[in-house]
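Visitor: Below you will find the structure I want to go over with you.
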Amino acid sequence: MRVALVNANRIRPPIAPIGLDYIAEALSAAGHSVEVLDLCWEAETETAVGRFFSGKEFGLVGISIRNTDDCSFSTRESFLPVHAGITKSVREHSGAPVALGGVGFSIMPEKILERCGADIGVWGDGEFALVDLATRMEEKRNWQDVPNLVLYSGGKWVRNPASFPPLSSLPTMSRAWVDNPRYFREGGQAGFETKRGCPCLCVYCADPVAKGKKARLRPPAAVACELERLLALGIDNVHTCDSEFNVPESHAIEVCDEIARRGLGGRLRWYAYCSPGHFSRELAKRIRRAGCVGINFGVDSGDEGMLRRLGRDFGPEEILRAARLCREAGITVMFDLLLGSPGETRESIVRTIELVRKAGADRAGIAVGVRVYPGTEVAGIVASGNRKDGLTGGEDLSQPVFFLEPEVAPCIFSLLDDLTRGDARFLFFDPTRPQSNYNYNANQVLVDAIAKGARGAYWDILRSA
Ligand code: B12
C-alpha cells in the first residue's frame with residue numbers, strides 16, 4: 001500500500017521525528033511504499049499539504065503528534081490547534097483514512113481524535129500496528145481489531161487491547177526516512193532509543209501512560225548498528241530517547257559495552273536521561289567509556305518527604321552519590337527539578353536548592369508546576385482529594401493544565417529568585433530571561449548557537465551560549 005507519513009512538529013530548534021523514521025522503516029520492510037511530508041521544514045502548512053498530496057493517491061495517511069503542548073507553566077502553549085489544522089488540510093487534499101499516533105497523542109488519544117477529527121489512532125508503538133493496519137486494508141481484510149488501535153465505535157472512541165511484540169523484531173533502522181543531517185545542522189543532535197516503557201512509579205509522569213509500564217529492551221547490537229548509521233550520516237552528537245537510560249541498569253551496561261566494543265565511544269558524544277536511583281560506579285565508568293558526556297538526572301526534589309510523595313525510589317543521598325560518580329568519571333551533570341507539586345513547602349524548596357549546590361551539579365533546570373496528565377496519579381489526587389485549589393488552566397487535561405501547591409504559589413517565584421540570584425547554573429522555563437531559558441520550544445538562543453556550530457544536549461549548549 002502507498003502510505004503517507006506526516007510530521008506535525010514545527011518546534012524550533014527542530015528535533016527529528018525519530019518515531020516516523022522508525023515507522024517508515026517498518027512499513028517499507030513489510031513491502032509498503034512510504035512517502036514522508038515533514039512539515040517542520042515548510043513555511044506554511046496548508047500550502048505544503050496541498051502540494052504534497054496533489055495528484056497522488058494514498059491508501060493511508062499517518063500523522064505524528066509528539067507534543068500536545070510545551071508543558072511549561074509560564075507559557076502554556078497548546079499545539080492542538082495546529083495539529084487540528086494540519087489534520088483538516090490533509091482531509092481536504094486526500095480521501096485516504098487518516099490515522100494519528102505519537103507519544104503526546106498516546107497520553108490522551110480519545111481527546112485528540114475528537115479535537116482533530118481523524119478516523120483512527122494508534123496508542124503506543126507505531127511500527128507493528130500501522131504495518132498490520134496497512135496490510136489488512138490493502139488486502140481488504142477486517143482491520144477493526146488491530147491491537148493498539150483507537151477507533152470510533154458505538155458512538156464513542158474505544159481502544160483495542162494493546163500488544164507488545166518484542167523490540168528485537170524491529171527491522172534494522174537506516175535512519176534515512178527523514179532528513180537527519182539537516183536536523184543535525186539546525187537542531188544540533190539526533191535521538192536514539194534503547195528501550196520503551198517505564199516501570200517507575202513517579203506520580204506525575206505520562207511515560208507509562210503513553211508507552212506502557214514495563215521496560216521493553218532493544219538488543220544492544222541493534223542500538224549500536226543504528227549509532228554507526230548515524231555516524232555514517234555525519235551525526236556524532238546524540239541523545240537517548242528512553243524514559244530512563246539506566247532502568248534497568250544491567251541493560252544500560254550491556255548497551256554501553258556494545259558501543260565501546262565497536263570502538264564508537266571515541267567518535268560519539270552522547271547524552272542520557274538517567275535516574276539517580278540506579279546509578280552505580282560501574283555504570284559511570286562504562287557509560288563514559290561508551291562516549292556519554294552528559295547526564296540529565298530526573299531529580300525533582302532534594303527533600304526526602306517530597307521525593308517519597310512524588311513516588312521516587314531514591315533519596316537525597318543517592319542524588320549526591322550519582323553526581324559524585326559522574327564528576328569522578330568526567331561526565332557533566334544536569335538536574336531536572338520539579339517544584340510545586342502536592343505537599344511542597346517553602347522548606348522543601350530551600351532544601352532542594354541546597355542539594356543542587358551540595359551535589360555540585362553543572363546545571364539545574366527548574367520547572368515550576370506539575371503538568372497534570374490524564375491517567376497519572378497526580379490527576380487522581382487532584383480529582384479525588386479535593387485539590388482543585390491548585391489547578392491553573394481549567395479541568396480539561398488535553399489543555400496545558402498545571403497543579404501548583406497553593407501553600408507555595410504566592411511566594412515560589414520570588415523565593416527562587418532569592419535563592420538562585422547570580423548563580424548561572426540555574427535554568428528556568430522563562431522566555432523573558434533568554435540566556436537561562438530551558439524551554440526548548442521557540443528558543444532563539446539555542447537556534448543561534450546551533451547555527452554557529454554548537455552541538456549536543458540543549459542544557460549543555462546553553463552552558464556555553
Ligand atoms: C528524548 C526526549 C526529548 C529530547 C529529544 C532528543 C532527541 N534528539 O530526540 C529533548 C530534550 C530535546 C526533548 C525536548 C522536548 N520535549 Co521531550 N521527550 C523526549 C522523550 C523522553 C523521548 C521522545 C522520543 O523520541 N521517543 C522515541 C520515539 C521512537 O518514540 P515516539 O516518538 O513515541 O514514536 C513512537 C510512537 O509514539 C508511535 N508514533 C509516533 N508517531 C506516530 C505516527 C503515527 C501515524 C502512528 C500510528 C504512530 C506514531 O510510533 C513510534 C515508534 O514506536 C519523550 C518521553 C518518552 N518517553 O517518549 C519526551 C516528551 C516527548 N517530550 C516532551 C516535551 C514537552 C518536550 C518539549 C516541548 C519540552 C520543552 N518545552 O522544552 C521539547 C520539545 C522539543 C521538540 N522540538 O519537539 C513531552 C511531550 C508531552 C506532551 N504532552 O506533549 C514528553 C512526552 C515527555 C513528558 N512526559 O512530558 N525531549
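If you're wondering about the labels, chains in the C-alpha cells are A, B, ... by order shown, residues count from 1 in each chain, ligands from 1 in order shown.
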Pull the closest atom pair for each residue of chain A that gets at most 6 Å from ligand 1, along with the distance in Å to one decimal, counting only C-alpha atoms and all ligand atoms, ordering rows by chain and then ascending residue number, as CSV.
Guide:
residue,atom,partner,partner_atom_place_in_ligand_line,distance
A:Ile11,CA,ligand 1,77 (N),4.6
A:Arg12,CA,ligand 1,77 (N),5.7
A:Pro13,CA,ligand 1,77 (N),5.8
A:Pro14,CA,ligand 1,77 (N),4.7
A:Ile15,CA,ligand 1,77 (N),4.3
A:Ile18,CA,ligand 1,29 (C),5.1
A:Gly19,CA,ligand 1,34 (O),3.5
A:Leu20,CA,ligand 1,41 (N),5.2
A:Tyr22,CA,ligand 1,52 (C),5.8
A:Ile23,CA,ligand 1,52 (C),5.9
A:Gly62,CA,ligand 1,45 (C),3.5
A:Ile63,CA,ligand 1,45 (C),4.4
A:Ser64,CA,ligand 1,43 (C),3.6
A:Arg66,CA,ligand 1,61 (C),5.6
A:Asn67,CA,ligand 1,84 (O),3.0
A:Thr68,CA,ligand 1,84 (O),3.7
A:Asp69,CA,ligand 1,84 (O),4.8
A:Asp70,CA,ligand 1,68 (C),4.1
A:Cys71,CA,ligand 1,65 (C),4.9
A:Ser72,CA,ligand 1,71 (N),5.9
A:Ala99,CA,ligand 1,45 (C),5.2
A:Leu100,CA,ligand 1,45 (C),4.5
A:Gly101,CA,ligand 1,46 (C),3.5
A:Gly102,CA,ligand 1,37 (O),3.2
A:Val103,CA,ligand 1,33 (O),3.8
A:Gly104,CA,ligand 1,84 (O),4.2
A:Val122,CA,ligand 1,47 (C),4.7
A:Gly124,CA,ligand 1,36 (C),5.1
A:Asp125,CA,ligand 1,53 (O),3.3
A:Gly126,CA,ligand 1,50 (O),3.4
A:Glu127,CA,ligand 1,53 (O),5.4
A:Leu130,CA,ligand 1,47 (C),5.4
A:Gln189,CA,ligand 1,8 (N),5.3
A:Ala190,CA,ligand 1,8 (N),4.1
A:Gly191,CA,ligand 1,8 (N),3.6
A:Glu193,CA,ligand 1,27 (C),5.9
A:Cys205,CA,ligand 1,89 (N),5.8
A:Ala206,CA,ligand 1,89 (N),4.7
A:Asp207,CA,ligand 1,57 (N),5.1
A:His239,CA,ligand 1,8 (N),5.1
A:Thr240,CA,ligand 1,1 (C),5.8
A:Cys241,CA,ligand 1,1 (C),3.8
A:Asp242,CA,ligand 1,21 (C),5.3
A:Ser243,CA,ligand 1,57 (N),4.3
A:Asn439,CA,ligand 1,72 (O),3.9
A:Tyr440,CA,ligand 1,72 (O),3.4
A:Asn441,CA,ligand 1,71 (N),5.1
Visitor: Output N, CA and C atoms of each residue in that selection to a file, as a short mmCIF file (atom, residue, chain, number, x, y, z; two decimals), in the first residue's frame.
Guide:
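Generated output (again-v1.cif):
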data_model
loop_
_atom_site.label_atom_id
_atom_site.label_comp_id
_atom_site.auth_asym_id
_atom_site.auth_seq_id
_atom_site.Cartn_x
_atom_site.Cartn_y
_atom_site.Cartn_z
N ILE A 11 8.37 22.79 16.09
CA ILE A 11 9.09 23.49 17.15
C ILE A 11 10.53 23.81 16.72
N ARG A 12 11.05 24.96 17.21
CA ARG A 12 12.44 25.33 16.97
C ARG A 12 13.19 25.48 18.28
N PRO A 13 14.44 24.95 18.41
CA PRO A 13 15.17 24.21 17.39
C PRO A 13 14.47 22.89 17.04
N PRO A 14 14.69 22.43 15.79
CA PRO A 14 13.97 21.24 15.33
C PRO A 14 14.55 19.94 15.88
N ILE A 15 13.67 19.05 16.31
CA ILE A 15 14.05 17.71 16.76
C ILE A 15 13.49 16.71 15.75
N ILE A 18 11.94 10.87 15.19
CA ILE A 18 12.51 9.51 15.18
C ILE A 18 11.39 8.46 15.09
N GLY A 19 10.24 8.76 15.69
CA GLY A 19 9.10 7.82 15.64
C GLY A 19 8.69 7.57 14.19
N LEU A 20 8.58 8.63 13.40
CA LEU A 20 8.20 8.47 11.98
C LEU A 20 9.28 7.75 11.20
N TYR A 22 11.25 5.47 12.31
CA TYR A 22 11.13 4.04 12.64
C TYR A 22 9.92 3.40 11.94
N ILE A 23 8.80 4.11 11.95
CA ILE A 23 7.59 3.54 11.34
C ILE A 23 7.76 3.38 9.84
N GLY A 62 -0.70 8.74 7.88
CA GLY A 62 -0.43 8.78 9.32
C GLY A 62 0.14 10.13 9.70
N ILE A 63 -0.38 10.70 10.78
CA ILE A 63 0.15 12.00 11.26
C ILE A 63 0.73 11.79 12.65
N SER A 64 1.95 12.26 12.84
CA SER A 64 2.62 12.07 14.12
C SER A 64 2.45 13.28 15.03
N ARG A 66 3.81 14.45 18.45
CA ARG A 66 4.79 14.23 19.52
C ARG A 66 4.47 15.05 20.76
N ASN A 67 4.13 16.32 20.54
CA ASN A 67 3.87 17.23 21.66
C ASN A 67 2.46 17.77 21.59
N THR A 68 1.70 17.64 22.68
CA THR A 68 0.38 18.28 22.70
C THR A 68 0.51 19.74 23.11
N ASP A 69 1.55 20.02 23.92
CA ASP A 69 1.79 21.40 24.36
C ASP A 69 3.23 21.51 24.81
N ASP A 70 3.65 22.72 25.21
CA ASP A 70 5.07 22.89 25.57
C ASP A 70 5.36 22.51 27.03
N CYS A 71 4.31 22.10 27.75
CA CYS A 71 4.47 21.62 29.13
C CYS A 71 5.21 22.63 30.00
N SER A 72 4.94 23.90 29.78
CA SER A 72 5.59 24.94 30.56
C SER A 72 4.52 25.80 31.23
N ALA A 99 -4.80 8.38 10.16
CA ALA A 99 -4.50 7.80 11.48
C ALA A 99 -3.56 8.73 12.24
N LEU A 100 -3.85 8.94 13.52
CA LEU A 100 -2.96 9.74 14.37
C LEU A 100 -2.17 8.81 15.29
N GLY A 101 -0.97 9.23 15.65
CA GLY A 101 -0.17 8.47 16.61
C GLY A 101 0.91 9.39 17.18
N GLY A 102 1.76 8.83 18.05
CA GLY A 102 2.82 9.64 18.65
C GLY A 102 2.74 9.62 20.16
N VAL A 103 3.81 10.06 20.82
CA VAL A 103 3.81 9.96 22.27
C VAL A 103 2.82 10.93 22.92
N GLY A 104 2.78 12.18 22.46
CA GLY A 104 1.81 13.14 23.00
C GLY A 104 0.40 12.64 22.78
N VAL A 122 -3.47 5.30 16.87
CA VAL A 122 -2.70 4.15 17.37
C VAL A 122 -2.09 4.57 18.69
N GLY A 124 0.60 4.04 21.52
CA GLY A 124 1.90 3.37 21.74
C GLY A 124 2.69 3.15 20.45
N ASP A 125 3.43 2.03 20.42
CA ASP A 125 4.31 1.73 19.28
C ASP A 125 3.55 1.82 17.97
N GLY A 126 4.19 2.44 16.98
CA GLY A 126 3.54 2.55 15.67
C GLY A 126 3.96 1.47 14.69
N GLU A 127 5.14 0.90 14.89
CA GLU A 127 5.70 0.02 13.85
C GLU A 127 4.82 -1.19 13.58
N LEU A 130 0.70 0.01 12.66
CA LEU A 130 0.48 0.66 11.35
C LEU A 130 0.74 -0.32 10.20
N GLN A 189 21.54 17.81 17.21
CA GLN A 189 21.61 16.46 17.80
C GLN A 189 20.68 15.51 17.04
N ALA A 190 20.82 14.22 17.32
CA ALA A 190 19.84 13.22 16.86
C ALA A 190 19.48 12.37 18.06
N GLY A 191 18.38 11.64 17.96
CA GLY A 191 17.97 10.79 19.07
C GLY A 191 18.25 9.32 18.77
N GLU A 193 17.14 5.25 20.59
CA GLU A 193 16.32 4.63 21.62
C GLU A 193 16.91 3.28 22.01
N CYS A 205 4.11 11.35 36.05
CA CYS A 205 4.71 11.08 34.74
C CYS A 205 3.77 10.39 33.76
N ALA A 206 3.79 10.90 32.52
CA ALA A 206 2.91 10.34 31.49
C ALA A 206 3.59 9.25 30.67
N ASP A 207 4.87 8.98 30.91
CA ASP A 207 5.55 7.99 30.07
C ASP A 207 4.91 6.59 30.18
N HIS A 239 21.27 11.89 21.63
CA HIS A 239 20.59 11.93 22.93
C HIS A 239 19.69 10.70 23.03
N THR A 240 19.68 10.03 24.19
CA THR A 240 18.78 8.89 24.33
C THR A 240 17.32 9.35 24.26
N CYS A 241 16.47 8.48 23.76
CA CYS A 241 15.03 8.76 23.73
C CYS A 241 14.28 7.78 24.63
N ASP A 242 14.97 7.20 25.61
CA ASP A 242 14.34 6.33 26.60
C ASP A 242 13.76 7.22 27.70
N SER A 243 12.86 6.64 28.50
CA SER A 243 12.41 7.41 29.66
C SER A 243 13.60 7.58 30.60
N ASN A 439 13.15 26.31 28.24
CA ASN A 439 12.04 25.85 27.42
C ASN A 439 12.62 25.71 26.00
N TYR A 440 12.62 24.49 25.48
CA TYR A 440 13.24 24.25 24.17
C TYR A 440 12.27 24.48 23.03
N ASN A 441 11.14 25.08 23.33
CA ASN A 441 10.19 25.48 22.29
C ASN A 441 10.44 26.95 21.97
#
Visitor: What lies within 12 Å of A:Arg312 using only C-alpha atoms, ignoring chain neighbours under 2 positions off, as a list of chain:residue names?
Guide: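 Contacts, with the query itself left out: A:Pro199, A:Cys200, A:Leu201, A:Cys202, A:Val203, A:Tyr204, A:Cys205, A:Ser275, A:Pro276, A:Gly277, A:His278, A:Gly298, A:Val299, A:Asp300, A:Ser301, A:Gly302, A:Asp303, A:Glu304, A:Gly305, A:Met306, A:Leu307, A:Arg308, A:Arg309, A:Leu310, A:Phe314, A:Gly315, A:Pro316, A:Glu318, A:Ile319.
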Visitor: Mind checking which residues fall within 9 Å of A:Val382, counting only C-alpha atoms, ignoring those fewer than 6 positions away in the same chain, and posting them as a CSV table (one decimal) with N, CA and C atoms, in the first residue's frame?
Guide:
chain,number,residue,atom,x,y,z
A,342,PRO,N,1.9,18.5,44.8
A,342,PRO,CA,1.2,18.5,46.1
A,342,PRO,C,2.1,18.2,47.3
A,372,VAL,N,-0.6,18.3,34.6
A,372,VAL,CA,-1.5,17.2,35.1
A,372,VAL,C,-2.0,16.4,33.8
A,388,LYS,N,-8.4,20.7,43.7
A,388,LYS,CA,-8.6,21.6,42.5
A,388,LYS,C,-8.2,23.0,42.8
A,389,ASP,N,-7.9,23.3,44.1
A,389,ASP,CA,-7.5,24.6,44.5
A,389,ASP,C,-6.1,24.9,43.9
A,390,GLY,N,-5.3,23.9,43.5
A,390,GLY,CA,-4.0,24.2,42.9
A,390,GLY,C,-4.0,24.2,41.4
A,391,LEU,N,-5.1,24.1,40.8
A,391,LEU,CA,-5.1,24.0,39.3
A,391,LEU,C,-5.1,25.4,38.6
A,403,PHE,N,-0.8,21.9,38.1
A,403,PHE,CA,-1.0,22.0,39.6
A,403,PHE,C,0.1,22.7,40.2
Visitor: Would you list, as a ChimeraX atom specification, the residues of stretch 145-254 of chain A that end up in alpha helix (DSSP H) under DSSP run on this structure's backbone?
Guide: /A:180-187,207-211,220-232,249-254
Visitor: Based on DSSP run over this structure's backbone, return all residues of stretch 15-155 of chain A in strand (DSSP E or B), as a PyMOL selection string.
Guide: chain A and resi 33-38+60-64+69+78+98-101+120-122+149-153
Visitor: Could those residues be written to a file, using C-alpha atoms, as a PDB file, in the first residue's frame?
Guide:
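Output contents, as saved in again.pdb:
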ATOM      1  CA  SER A  33       5.670   2.213  -0.196  1.00  0.00           C
ATOM      2  CA  VAL A  34       6.192   5.249   2.039  1.00  0.00           C
ATOM      3  CA  GLU A  35       6.429   8.981   1.435  1.00  0.00           C
ATOM      4  CA  VAL A  36       7.136  11.462   4.208  1.00  0.00           C
ATOM      5  CA  LEU A  37       5.857  15.021   4.422  1.00  0.00           C
ATOM      6  CA  ASP A  38       7.959  16.807   7.016  1.00  0.00           C
ATOM      7  CA  LEU A  60      -3.487   5.523   4.332  1.00  0.00           C
ATOM      8  CA  VAL A  61      -2.137   8.710   5.897  1.00  0.00           C
ATOM      9  CA  GLY A  62      -0.426   8.781   9.320  1.00  0.00           C
ATOM     10  CA  ILE A  63       0.152  11.997  11.258  1.00  0.00           C
ATOM     11  CA  SER A  64       2.623  12.068  14.122  1.00  0.00           C
ATOM     12  CA  ASP A  69       1.786  21.398  24.356  1.00  0.00           C
ATOM     13  CA  SER A  78      -1.056  24.213  23.223  1.00  0.00           C
ATOM     14  CA  VAL A  98      -6.202   9.398   8.460  1.00  0.00           C
ATOM     15  CA  ALA A  99      -4.501   7.798  11.484  1.00  0.00           C
ATOM     16  CA  LEU A 100      -2.957   9.736  14.365  1.00  0.00           C
ATOM     17  CA  GLY A 101      -0.166   8.474  16.614  1.00  0.00           C
ATOM     18  CA  ILE A 120      -8.409   6.329  13.771  1.00  0.00           C
ATOM     19  CA  GLY A 121      -5.474   6.419  16.160  1.00  0.00           C
ATOM     20  CA  VAL A 122      -2.701   4.153  17.373  1.00  0.00           C
ATOM     21  CA  LEU A 149      -5.937   0.785  17.515  1.00  0.00           C
ATOM     22  CA  VAL A 150      -8.256   3.541  18.777  1.00  0.00           C
ATOM     23  CA  LEU A 151     -11.421   3.717  16.733  1.00  0.00           C
ATOM     24  CA  TYR A 152     -14.922   5.172  16.768  1.00  0.00           C
ATOM     25  CA  SER A 153     -17.455   2.510  17.539  1.00  0.00           C
TER      26      SER A 153
END
Visitor: Residues near A:Ala221, anyone? I mean within 9 Å using only C-alpha atoms, not counting same-chain ones fewer than 5 positions away, as a PyMOL selection string.
Guide: chain A and resi 226+255+258-259
Visitor: Identify, on the basis of only C-alpha atoms, every residue whose closest approach to A:Ala134 does not exceed 10 Å; exclude the query and any residue fewer than 5 positions from it along the same chain; express the result as a list in words.
Guide: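 Those residues are Met1, Arg2, Val3, Leu27, Ala30, His32, Gly59, Leu60, Val61, Ala129, Glu139, Lys140 and Trp143 of chain A.
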Visitor: Please provide the set of residues having any atom within 10 Å of A:Pro219, restricted to only C-alpha atoms, with same-chain residues fewer than 4 positions apart removed, written as a PyMOL selection string.
Guide: chain A and resi 166-169+194-195+223-224+251+254-255+258
Visitor: Could those residues be written to a file, using C-alpha atoms, as a PDB file, in the first residue's frame?
Guide:
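selection_24.pdb, freshly written:
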ATOM      1  CA  PRO A 166       9.491  -7.835  21.287  1.00  0.00           C
ATOM      2  CA  LEU A 167      11.563  -4.903  20.044  1.00  0.00           C
ATOM      3  CA  SER A 168      14.081  -7.420  18.698  1.00  0.00           C
ATOM      4  CA  SER A 169      11.602  -7.999  15.870  1.00  0.00           C
ATOM      5  CA  THR A 194      17.481   1.655  23.721  1.00  0.00           C
ATOM      6  CA  LYS A 195      14.146   0.730  25.303  1.00  0.00           C
ATOM      7  CA  VAL A 223      21.287   0.099  19.114  1.00  0.00           C
ATOM      8  CA  ALA A 224      24.971   0.091  18.170  1.00  0.00           C
ATOM      9  CA  HIS A 251      20.714  -3.363  30.099  1.00  0.00           C
ATOM     10  CA  GLU A 254      25.200  -4.052  28.051  1.00  0.00           C
ATOM     11  CA  VAL A 255      24.415  -1.232  25.609  1.00  0.00           C
ATOM     12  CA  GLU A 258      28.490  -2.962  22.874  1.00  0.00           C
TER      13      GLU A 258
END
Visitor: Which is closest to A:Ala24 among A:Ser106, A:Val178, A:Pro406, A:Ala118, if we use only C-alpha atoms?
Guide: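 Going through A:Ser106, A:Val178, A:Pro406, A:Ala118 one by one, the smallest distance to A:Ala24 is for A:Val178.
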Visitor: Just checking: using only C-alpha atoms, which residue out of A:Leu113, A:Ala424, A:Leu419, A:Ala26 ends up closest to A:Asp132?
Guide: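 Nearest candidate to A:Asp132 out of A:Leu113, A:Ala424, A:Leu419, A:Ala26: A:Ala26.
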